[in-house]
Structure formats: C-alpha cells, structure tokens
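Enquirer: Compact mmCIF, C-alpha atoms (C1' of nucleotides), saved as protein.txt, coming up:
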```txt
# COMPACT_ATOMS: atom_id res chain seq x y z
CA MET O 1 -23.02 64.31 21.93
CA SER O 2 -23.47 60.91 20.36
CA LYS O 3 -21.71 59.49 17.36
CA GLU O 4 -24.16 56.70 17.00
CA VAL O 5 -25.55 56.12 13.58
CA GLY O 6 -28.31 53.80 14.72
CA ILE O 7 -29.71 50.66 13.21
CA THR O 8 -31.40 50.85 9.87
CA ALA O 9 -35.14 50.32 9.78
CA PHE O 10 -35.83 48.96 6.34
CA ARG O 11 -38.71 50.55 4.50
CA SER O 12 -39.75 47.26 2.99
CA GLN O 13 -38.48 43.78 2.30
CA CYS O 14 -37.88 44.56 -1.34
CA PRO O 15 -34.18 43.88 -1.89
CA VAL O 16 -33.85 46.99 -4.07
CA ALA O 17 -35.43 49.30 -1.51
CA ALA O 18 -33.60 47.63 1.36
CA SER O 19 -30.25 48.02 -0.42
CA LEU O 20 -31.04 51.67 -0.94
CA ASP O 21 -31.72 52.01 2.77
CA LEU O 22 -28.04 51.22 3.25
CA LEU O 23 -26.52 52.80 0.17
CA GLY O 24 -29.05 55.25 -1.21
CA ASP O 25 -27.28 58.54 -0.87
CA LYS O 26 -24.81 60.60 -2.85
CA TRP O 27 -21.65 59.54 -1.01
CA SER O 28 -21.64 55.96 0.25
CA LEU O 29 -21.05 54.32 -3.12
CA VAL O 30 -18.43 56.93 -4.00
CA ILE O 31 -16.44 55.74 -0.98
CA VAL O 32 -16.98 52.13 -2.02
CA ARG O 33 -15.75 53.03 -5.50
CA ASP O 34 -12.62 54.59 -3.98
CA LEU O 35 -11.93 51.42 -2.03
CA MET O 36 -12.31 49.43 -5.23
CA ILE O 37 -9.70 51.58 -6.91
CA ARG O 38 -7.36 50.85 -4.03
CA LYS O 39 -7.74 53.97 -1.92
CA ARG O 40 -7.46 53.12 1.74
CA ARG O 41 -6.97 56.12 3.95
CA TYR O 42 -9.09 59.01 5.11
CA LYS O 43 -7.03 61.48 3.18
CA ASP O 44 -7.25 59.41 -0.01
CA PHE O 45 -11.04 59.65 0.14
CA GLN O 46 -10.88 63.37 0.85
CA ASP O 47 -8.64 63.89 -2.14
CA SER O 48 -11.11 62.35 -4.59
CA PRO O 49 -12.36 64.86 -7.13
CA GLU O 50 -15.90 64.88 -5.76
CA GLY O 51 -14.72 66.73 -2.66
CA ILE O 52 -16.60 64.97 0.11
CA PRO O 53 -17.00 67.14 3.23
CA THR O 54 -14.93 65.79 6.09
CA ASN O 55 -17.80 65.39 8.54
CA ILE O 56 -19.82 63.46 5.97
CA LEU O 57 -16.84 61.26 5.21
CA ALA O 58 -16.39 60.40 8.88
CA ASN O 59 -20.10 59.70 9.23
CA ARG O 60 -20.27 57.48 6.15
CA LEU O 61 -17.19 55.50 7.12
CA ARG O 62 -18.84 54.84 10.47
CA LYS O 63 -22.12 53.78 8.86
CA LEU O 64 -20.47 51.59 6.25
CA GLU O 65 -18.50 49.87 8.97
CA GLU O 66 -21.61 49.39 11.11
CA ASP O 67 -23.33 47.84 8.13
CA GLY O 68 -20.43 45.46 7.55
CA ILE O 69 -19.55 46.85 4.14
CA ILE O 70 -16.10 48.08 5.10
CA LYS O 71 -13.66 47.32 7.86
CA LYS O 72 -10.96 49.39 9.48
CA HIS O 73 -7.68 48.21 10.92
CA PRO O 74 -4.69 50.08 12.32
CA TYR O 75 -1.62 50.64 10.19
CA GLN O 76 0.36 52.43 12.90
CA GLU O 77 0.41 53.23 16.59
CA LYS O 78 1.32 56.62 18.08
CA PRO O 79 -0.92 58.01 16.99
CA VAL O 80 -3.12 55.13 16.03
CA ARG O 81 -4.24 55.47 12.43
CA HIS O 82 -6.45 53.18 10.43
CA GLU O 83 -6.91 52.19 6.90
CA TYR O 84 -10.15 51.01 5.48
CA SER O 85 -10.89 48.06 3.26
CA LEU O 86 -13.88 46.31 1.79
CA THR O 87 -15.42 43.26 3.34
CA CYS O 88 -16.82 40.51 1.09
CA LYS O 89 -20.16 42.20 1.41
CA GLY O 90 -18.60 45.43 0.18
CA ALA O 91 -16.64 43.79 -2.63
CA ASP O 92 -19.84 42.17 -3.83
CA LEU O 93 -21.08 45.64 -4.70
CA LEU O 94 -18.69 45.57 -7.65
CA PRO O 95 -21.35 44.42 -10.16
CA VAL O 96 -23.64 47.21 -9.01
CA LEU O 97 -20.92 49.81 -9.55
CA GLN O 98 -19.94 48.26 -12.86
CA GLN O 99 -23.48 48.58 -14.14
CA LEU O 100 -23.81 52.09 -12.76
CA ALA O 101 -20.57 53.05 -14.47
CA LEU O 102 -21.74 51.61 -17.78
CA TRP O 103 -25.04 53.43 -17.53
CA GLY O 104 -23.38 56.71 -16.59
CA HIS O 105 -20.91 56.45 -19.39
CA LYS O 106 -23.67 55.73 -21.88
CA TYR O 107 -26.01 58.51 -20.82
CA ILE O 108 -23.97 61.23 -19.18
CA PRO O 109 -22.09 62.86 -22.05
CA GLU O 110 -19.17 64.39 -20.22
CA SER O 111 -18.42 61.31 -18.12
CA TRP O 112 -15.31 59.19 -18.54
CA SER O 113 -15.40 55.71 -19.89
CA PRO O 114 -14.79 53.20 -17.13
CA PRO O 115 -11.38 51.50 -17.33
CA ASP O 116 -11.39 47.96 -18.68
CA TRP O 117 -9.79 46.50 -15.60
CA PHE O 118 -12.73 47.84 -13.63
CA LEU O 119 -15.37 46.48 -15.97
CA ASN O 120 -13.69 43.09 -16.18
CA ALA O 121 -12.92 42.75 -12.50
CA LYS O 122 -14.66 40.25 -10.26
CA PRO O 123 -15.49 40.79 -6.61
CA GLY O 124 -13.08 38.03 -5.58
CA GLU O 125 -10.19 39.88 -7.19
CA LEU O 126 -10.61 42.97 -5.05
CA PRO O 127 -8.51 43.34 -1.91
CA VAL O 128 -10.73 42.22 0.92
CA GLU O 129 -10.20 42.07 4.65
CA LYS O 130 -10.81 38.54 5.77
CA MET Q 131 -43.00 79.69 -5.44
CA SER Q 132 -41.00 77.80 -8.02
CA LYS Q 133 -41.28 74.17 -8.99
CA GLU Q 134 -38.01 74.17 -10.77
CA VAL Q 135 -35.65 71.40 -9.92
CA GLY Q 136 -32.63 72.92 -11.61
CA ILE Q 137 -29.94 71.41 -13.73
CA THR Q 138 -27.56 68.97 -12.17
CA ALA Q 139 -23.99 70.08 -11.63
CA PHE Q 140 -21.97 66.91 -11.70
CA ARG Q 141 -19.44 66.51 -8.93
CA SER Q 142 -16.95 64.86 -11.23
CA GLN Q 143 -16.72 63.13 -14.56
CA CYS Q 144 -16.56 59.72 -12.95
CA PRO Q 145 -19.50 57.80 -14.40
CA VAL Q 146 -20.30 56.28 -11.01
CA ALA Q 147 -20.36 59.61 -9.21
CA ALA Q 148 -22.20 61.31 -12.06
CA SER Q 149 -24.87 58.59 -12.08
CA LEU Q 150 -25.28 59.07 -8.36
CA ASP Q 151 -25.77 62.79 -8.96
CA LEU Q 152 -28.94 61.80 -10.80
CA LEU Q 153 -30.03 58.75 -8.85
CA GLY Q 154 -28.21 58.83 -5.53
CA ASP Q 155 -31.05 59.16 -3.07
CA LYS Q 156 -33.43 56.88 -1.28
CA TRP Q 157 -36.42 57.28 -3.60
CA SER Q 158 -35.53 57.73 -7.27
CA LEU Q 159 -34.59 54.12 -7.95
CA VAL Q 160 -37.61 52.91 -6.01
CA ILE Q 161 -39.80 54.76 -8.50
CA VAL Q 162 -37.79 53.31 -11.39
CA ARG Q 163 -38.28 49.86 -9.87
CA ASP Q 164 -42.03 50.46 -9.70
CA LEU Q 165 -42.09 51.41 -13.37
CA MET Q 166 -40.20 48.22 -14.17
CA ILE Q 167 -42.81 46.17 -12.39
CA ARG Q 168 -45.46 47.89 -14.53
CA LYS Q 169 -46.74 50.53 -12.18
CA ARG Q 170 -47.70 53.64 -14.12
CA ARG Q 171 -49.78 56.07 -12.13
CA TYR Q 172 -49.18 58.40 -9.24
CA LYS Q 173 -51.37 56.36 -6.97
CA ASP Q 174 -49.59 53.14 -7.88
CA PHE Q 175 -46.32 54.65 -6.68
CA GLN Q 176 -47.94 55.94 -3.52
CA ASP Q 177 -49.33 52.51 -2.77
CA SER Q 178 -45.92 50.84 -2.80
CA PRO Q 179 -44.97 49.42 0.58
CA GLU Q 180 -42.16 51.93 1.13
CA GLY Q 181 -44.71 54.72 1.62
CA ILE Q 182 -43.15 57.58 -0.29
CA PRO Q 183 -44.39 60.99 0.92
CA THR Q 184 -46.55 62.64 -1.73
CA ASN Q 185 -44.50 65.81 -2.06
CA ILE Q 186 -41.32 63.78 -2.52
CA LEU Q 187 -43.03 61.63 -5.12
CA ALA Q 188 -44.12 64.68 -7.11
CA ASN Q 189 -40.63 66.16 -6.86
CA ARG Q 190 -38.88 62.96 -7.95
CA LEU Q 191 -41.23 62.41 -10.88
CA ARG Q 192 -40.41 65.93 -12.03
CA LYS Q 193 -36.66 65.39 -11.66
CA LEU Q 194 -36.68 62.01 -13.35
CA GLU Q 195 -38.60 63.50 -16.25
CA GLU Q 196 -36.21 66.45 -16.48
CA ASP Q 197 -33.32 64.01 -16.57
CA GLY Q 198 -34.96 62.01 -19.37
CA ILE Q 199 -35.30 58.84 -17.33
CA ILE Q 200 -39.09 58.76 -17.39
CA LYS Q 201 -41.76 60.32 -19.56
CA LYS Q 202 -45.34 61.25 -18.84
CA HIS Q 203 -48.25 61.23 -21.24
CA PRO Q 204 -51.97 61.82 -20.71
CA TYR Q 205 -54.33 58.89 -20.43
CA GLN Q 206 -57.48 61.01 -20.09
CA GLU Q 207 -58.80 64.55 -20.45
CA LYS Q 208 -61.17 66.24 -18.00
CA PRO Q 209 -59.38 66.26 -15.80
CA VAL Q 210 -56.14 65.61 -17.58
CA ARG Q 211 -54.29 62.75 -15.92
CA HIS Q 212 -50.98 61.26 -16.85
CA GLU Q 213 -49.26 57.99 -16.63
CA TYR Q 214 -45.55 57.60 -16.41
CA SER Q 215 -43.27 55.26 -18.27
CA LEU Q 216 -39.59 54.61 -18.66
CA THR Q 217 -37.56 55.99 -21.50
CA CYS Q 218 -34.76 53.89 -23.00
CA LYS Q 219 -32.41 55.66 -20.64
CA GLY Q 220 -34.61 54.60 -17.75
CA ALA Q 221 -35.06 51.03 -18.96
CA ASP Q 222 -31.29 50.73 -19.24
CA LEU Q 223 -31.15 51.03 -15.48
CA LEU Q 224 -32.49 47.48 -15.30
CA PRO Q 225 -29.03 45.87 -14.93
CA VAL Q 226 -28.24 48.25 -12.09
CA LEU Q 227 -31.43 47.31 -10.27
CA GLN Q 228 -30.91 43.62 -10.99
CA GLN Q 229 -27.49 43.74 -9.38
CA LEU Q 230 -28.77 45.80 -6.47
CA ALA Q 231 -31.57 43.29 -5.97
CA LEU Q 232 -29.13 40.38 -6.01
CA TRP Q 233 -26.87 42.09 -3.52
CA GLY Q 234 -29.74 43.01 -1.24
CA HIS Q 235 -31.12 39.52 -1.31
CA LYS Q 236 -27.73 38.06 -0.52
CA TYR Q 237 -26.86 40.37 2.37
CA ILE Q 238 -30.07 41.69 3.85
CA PRO Q 239 -31.56 38.73 5.67
CA GLU Q 240 -35.20 39.67 5.74
CA SER Q 241 -35.37 40.77 2.12
CA TRP Q 242 -37.34 38.90 -0.53
CA SER Q 243 -35.71 37.01 -3.32
CA PRO Q 244 -36.11 38.88 -6.58
CA PRO Q 245 -38.54 37.21 -8.99
CA ASP Q 246 -36.96 35.26 -11.85
CA TRP Q 247 -38.71 37.27 -14.52
CA PHE Q 248 -37.05 40.36 -13.08
CA LEU Q 249 -33.58 38.86 -12.94
CA ASN Q 250 -33.87 37.45 -16.45
CA ALA Q 251 -35.44 40.50 -18.05
CA LYS Q 252 -33.60 42.66 -20.53
CA PRO Q 253 -34.00 46.43 -20.86
CA GLY Q 254 -35.48 46.01 -24.35
CA GLU Q 255 -38.30 43.89 -22.96
CA LEU Q 256 -39.55 46.58 -20.62
CA PRO Q 257 -42.40 48.79 -21.74
CA VAL Q 258 -40.77 51.97 -23.00
CA GLU Q 259 -42.18 55.19 -24.36
CA LYS Q 260 -40.67 55.75 -27.76
C1' DG I 261 -75.86 67.78 -2.34
C1' DT I 262 -72.63 64.87 -0.21
C1' DT I 263 -69.02 61.86 -0.43
C1' DG I 264 -65.11 59.98 -2.78
C1' DT I 265 -61.02 59.65 -5.81
C1' DC I 266 -57.04 61.23 -8.06
C1' DA I 267 -53.01 63.94 -8.52
C1' DC I 268 -51.11 66.86 -6.75
C1' DT I 269 -49.58 71.63 -3.68
C1' DT I 270 -48.72 74.14 0.58
C1' DG I 271 -47.16 74.91 5.26
C1' DC I 272 -44.36 73.71 8.73
C1' DT I 273 -41.06 71.11 11.50
C1' DA I 274 -37.35 67.87 11.84
C1' DA I 275 -33.34 65.88 10.05
C1' DT I 276 -29.45 66.01 7.04
C1' DT I 277 -25.87 68.38 4.44
C1' DG I 278 -22.03 71.04 3.89
C1' DC I 279 -18.82 74.85 4.95
C1' DA I 280 -15.43 76.57 8.03
C1' DA I 281 -12.89 76.30 11.89
C1' DG I 282 -10.88 73.81 15.70
C1' DT I 283 -8.40 69.74 18.00
C1' DG I 284 -4.91 66.32 19.45
C1' DA I 285 -1.16 63.48 18.45
C1' DC I 286 2.67 63.39 16.44
C1' DA I 287 6.92 64.44 12.63
C1' DT I 288 9.98 67.62 10.62
C1' DA I 289 12.40 72.02 10.02
C1' DA I 290 14.45 76.35 11.64
C1' DT M 291 12.95 75.19 21.36
C1' DT M 292 9.56 77.00 19.01
C1' DA M 293 7.21 76.67 14.72
C1' DT M 294 5.10 74.70 11.10
C1' DG M 295 2.86 70.82 9.01
C1' DT M 296 0.16 66.50 8.48
C1' DC M 297 -3.37 63.35 9.48
C1' DA M 298 -7.78 62.06 11.01
C1' DC M 299 -10.94 63.57 12.70
C1' DT M 300 -14.87 66.76 15.72
C1' DT M 301 -17.68 70.83 16.50
C1' DG M 302 -20.64 74.74 15.40
C1' DC M 303 -23.76 76.62 12.58
C1' DA M 304 -26.35 77.93 8.42
C1' DA M 305 -28.66 76.14 4.45
C1' DT M 306 -30.89 72.61 2.15
C1' DT M 307 -33.85 68.61 2.02
C1' DA M 308 -37.17 65.33 3.88
C1' DG M 309 -41.38 64.14 5.66
C1' DC M 310 -45.89 64.75 7.97
C1' DA M 311 -50.45 66.67 7.75
C1' DA M 312 -53.71 69.23 5.67
C1' DG M 313 -55.65 71.55 1.71
C1' DT M 314 -57.08 72.01 -3.35
C1' DG M 315 -59.38 71.48 -7.89
C1' DA M 316 -61.50 68.68 -11.16
C1' DC M 317 -64.40 65.55 -11.70
C1' DA M 318 -67.58 60.79 -10.81
C1' DA M 319 -70.89 58.28 -8.19
C1' DC M 320 -74.53 57.98 -5.02
```
Just give me the structure of the file as structure tokens.
Expert:
Amino acid sequence: MSKEVGITAFRSQCPVAASLDLLGDKWSLVIVRDLMIRKRRYKDFQDSPEGIPTNILANRLRKLEEDGIIKKHPYQEKPVRHEYSLTCKGADLLPVLQQLALWGHKYIPESWSPPDWFLNAKPGELPVEK
Amino acid sequence: MSKEVGITAFRSQCPVAASLDLLGDKWSLVIVRDLMIRKRRYKDFQDSPEGIPTNILANRLRKLEEDGIIKKHPYQEKPVRHEYSLTCKGADLLPVLQQLALWGHKYIPESWSPPDWFLNAKPGELPVEK
DNA sequence: GTTGTCACTTGCTAATTGCAAGTGACATAA
DNA sequence: TTATGTCACTTGCAATTAGCAAGTGACAAC
C-alpha cells in the first residue's frame, strides 16, 4: 500500500483557490497553528484540544512536508525520532492565521481571544528551519 | 430526505480552529471570494473557473447562510429567484482572503497576482446586506 | 410545441474521515 | 527477566462527504 500523497492539481490560478488546494481542510492550519505556538513533536500535535486522529495527523504532516510548508529533522537516533518545524513558506502563513483568529474571536462567541504575542508576531520571529 | 446541515460543534475554543470549523474546506471561501468580486447568483458561482459541483454549491450556500456569513434575498417572483450577498460577518473575512491571496501569489508559482483593488479594499467597502 | 435557462435535487459511486486496534523500537520498573 | 510504558506511527474498517451525471419545475423565447 502506498503512502504517496500525490501532487496537487490546482483548480485554478486564483491565488485564493490555489492556497485552499493546499490548506483548505479542517486540520492542516491547526497543525500550522501548533507549530507557531512552538509545538514540535507528533505527540504535541496529538495532545492539542481538537483531538486530531492519528492517521490524519500522519497524513497531513506528510502533505505539509511535500508542499514545503513544514520540515522534519531528527532529534534522536535509536529509534530515530523527528521534530517538525515551519519553513519560511509555512511561517508566512502567520498573517493568514492572525486574521482568521481575529475573525473567529469577533464572530464565534465562545472562542478565546488570541494572545497579544500572537497577534503582534511577525513571520520572521517564528522559529524556522533554514 | 433532509436538507438540514446541522449546527456546528466546535472542536475547541481556539478562534483559529473554530473558524476552520465553519470555513475549513475547499469550497466555502471560494464562494466568499466570488461574492467579494461581485458575483451574486447561483450561475455566477457555477461559472467560476474552479468548477464547483452543483450539489456542493447548494449545500455550501445553505451552510454559509445558516452560519450568518451570507444572506439571500429574492430578485424576482415567478419563479422566485434569489441572489446572495455577504453579511458584515462575511465581509469581515476580507482580510483573511487578502492574506491568503498574498501567500498564494508568493508561493504558488502559476497563480495570478491579486488585483490591487482587492488588496486595498476594506470590509466596509464591500456590498453588504444590512 | 419545442427548445432553452435557471436554480436547484436526486441517485450513485468514489474518495476521505475518523475510530479503534496493532506495531516496532526502545526505556524504565518490578 | 519479564512486564509495562512511551512514542510515532500504520492498518483495517465503517461512516461521512465529495463529485459526477442526470433529472426536475417554473418559466421565457422562438
């Protein structure tokens, strides 16, 4: 059985639609958010309150890496384990998430207000794998 | 058979995750984009280059209306036909789409550059149903 | 009367999601 | 030494969702 995720065929050349071809699902941007709040390991993502199913998590990490949005690198041998980090491309999603967070906080009554450090952060200040 | 879309159970109180509970799929924000570029009718949405399937379009219009992001109002009787427009809540998604468009244009090579009027627009300037 | 348009709905299949359980490599405890 | 636990997954399978194609009802135009 194959683990391939395949190349994305974009529905159009509209930058909004094309971005959604990469990120338009319920989980990908939640993982990106976790990376922005300094989570790095598989278990950290699993422990987030949204409760991502483990097979979906593995699949999304693979896709995000294929699309160059995140990067994984080993933090130990025996057994080899990886942590994940944002690439520049991934860190540049910060303004998108900031705006989404503002909108959610404004219109979804029970949602938390985004922390100031998050709203004031800039992509360049996020930890990024060079 | 029921046409109900059901109320959304939010996965968490994180404003990012909660926003994605409403908008985290491949089509909803494409419809919102179309409304921002002044499309109003069912056929207009169908004619967009992404080629949304008609049953998905009907379903998303229903959901977006239920969630208070768009509104429909009749433009003729016999037969009654509606056009759709953004609510304030929907128009306030403009910054999200602007940032998504910028990101897409920066990182998806074949994607168009977003028009200046779109990047410079403000939610209050969009046509909104009061 | 025939054809066309518009805004959908219905039926059906294919793909995706998500739950639960299993796996392999190791660390730690009894 | 066996036993239990953790971590990062994979696998199997059922349920949900997506998407294609065709159909429908109300009309307008020819």
Enquirer: Figure out the distance between CA of Ile7 (chain O) and C1' of DT300 (chain M), please, to one decimal in Å.
Expert: 22.0 Å
Enquirer: Enumerate as an NGL selection string the residues belonging to chain Q that approach chain I to within 12 Å, with only C-alpha atoms (C1' of nucleotides) taken into account.
Expert: :Q and (131-133 or 171-176 or 183-189 or 191-192 or 208-213)
Enquirer: Any idea which chain M residues end up within 7 Å of chain Q if we count only C-alpha atoms (C1' of nucleotides), as a PyMOL selection string please?
Expert: chain M and resi 309+316-317
Enquirer: Have a look at Q:Leu152, Q:Leu256, Q:Ala251, Q:Leu194 and name the one nearest to chain O; count only C-alpha atoms.
Expert: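 Of all the options, Q:Leu152 lies closest to chain O.
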Enquirer: Find the residues in chain Q near chain O: any atom within 6 Å counts, using only C-alpha atoms. Write them as a CSV table (one decimal) with C-alpha atoms, keeping the file's coordinate frame.
Expert:
```
chain,number,residue,atom,x,y,z
Q,141,ARG,CA,-19.4,66.5,-8.9
Q,142,SER,CA,-17.0,64.9,-11.2
Q,143,GLN,CA,-16.7,63.1,-14.6
Q,144,CYS,CA,-16.6,59.7,-13.0
Q,145,PRO,CA,-19.5,57.8,-14.4
Q,146,VAL,CA,-20.3,56.3,-11.0
Q,149,SER,CA,-24.9,58.6,-12.1
Q,150,LEU,CA,-25.3,59.1,-8.4
Q,154,GLY,CA,-28.2,58.8,-5.5
Q,155,ASP,CA,-31.0,59.2,-3.1
Q,156,LYS,CA,-33.4,56.9,-1.3
Q,180,GLU,CA,-42.2,51.9,1.1
Q,226,VAL,CA,-28.2,48.2,-12.1
Q,229,GLN,CA,-27.5,43.7,-9.4
Q,230,LEU,CA,-28.8,45.8,-6.5
Q,231,ALA,CA,-31.6,43.3,-6.0
Q,234,GLY,CA,-29.7,43.0,-1.2
Q,235,HIS,CA,-31.1,39.5,-1.3
Q,241,SER,CA,-35.4,40.8,2.1
Q,242,TRP,CA,-37.3,38.9,-0.5
```
Enquirer: For CA of Arg190 (chain Q) and CA of Arg170 (chain Q), quote the distance in Å rounded to one decimal.
Expert: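 We find that CA of Arg190 (chain Q) and CA of Arg170 (chain Q) lie 14.2 Å from each other.
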Enquirer: If I take CA of His203 (chain Q) and CA of Pro257 (chain Q), how far is one from the other in Å, to one decimal?
Expert: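 Distance reported for this atom pair: 13.8 Å.
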Enquirer: With 8 Å added on each side, what axis-aligned box encloses every listed atom of region 52-63 of chain O? Give the centre and edge lengths in Å to one decimal, as JSON.
Expert:
```
{"center_x": -18.5, "center_y": 60.5, "center_z": 5.3, "size_x": 23.2, "size_y": 29.4, "size_z": 26.4}
```
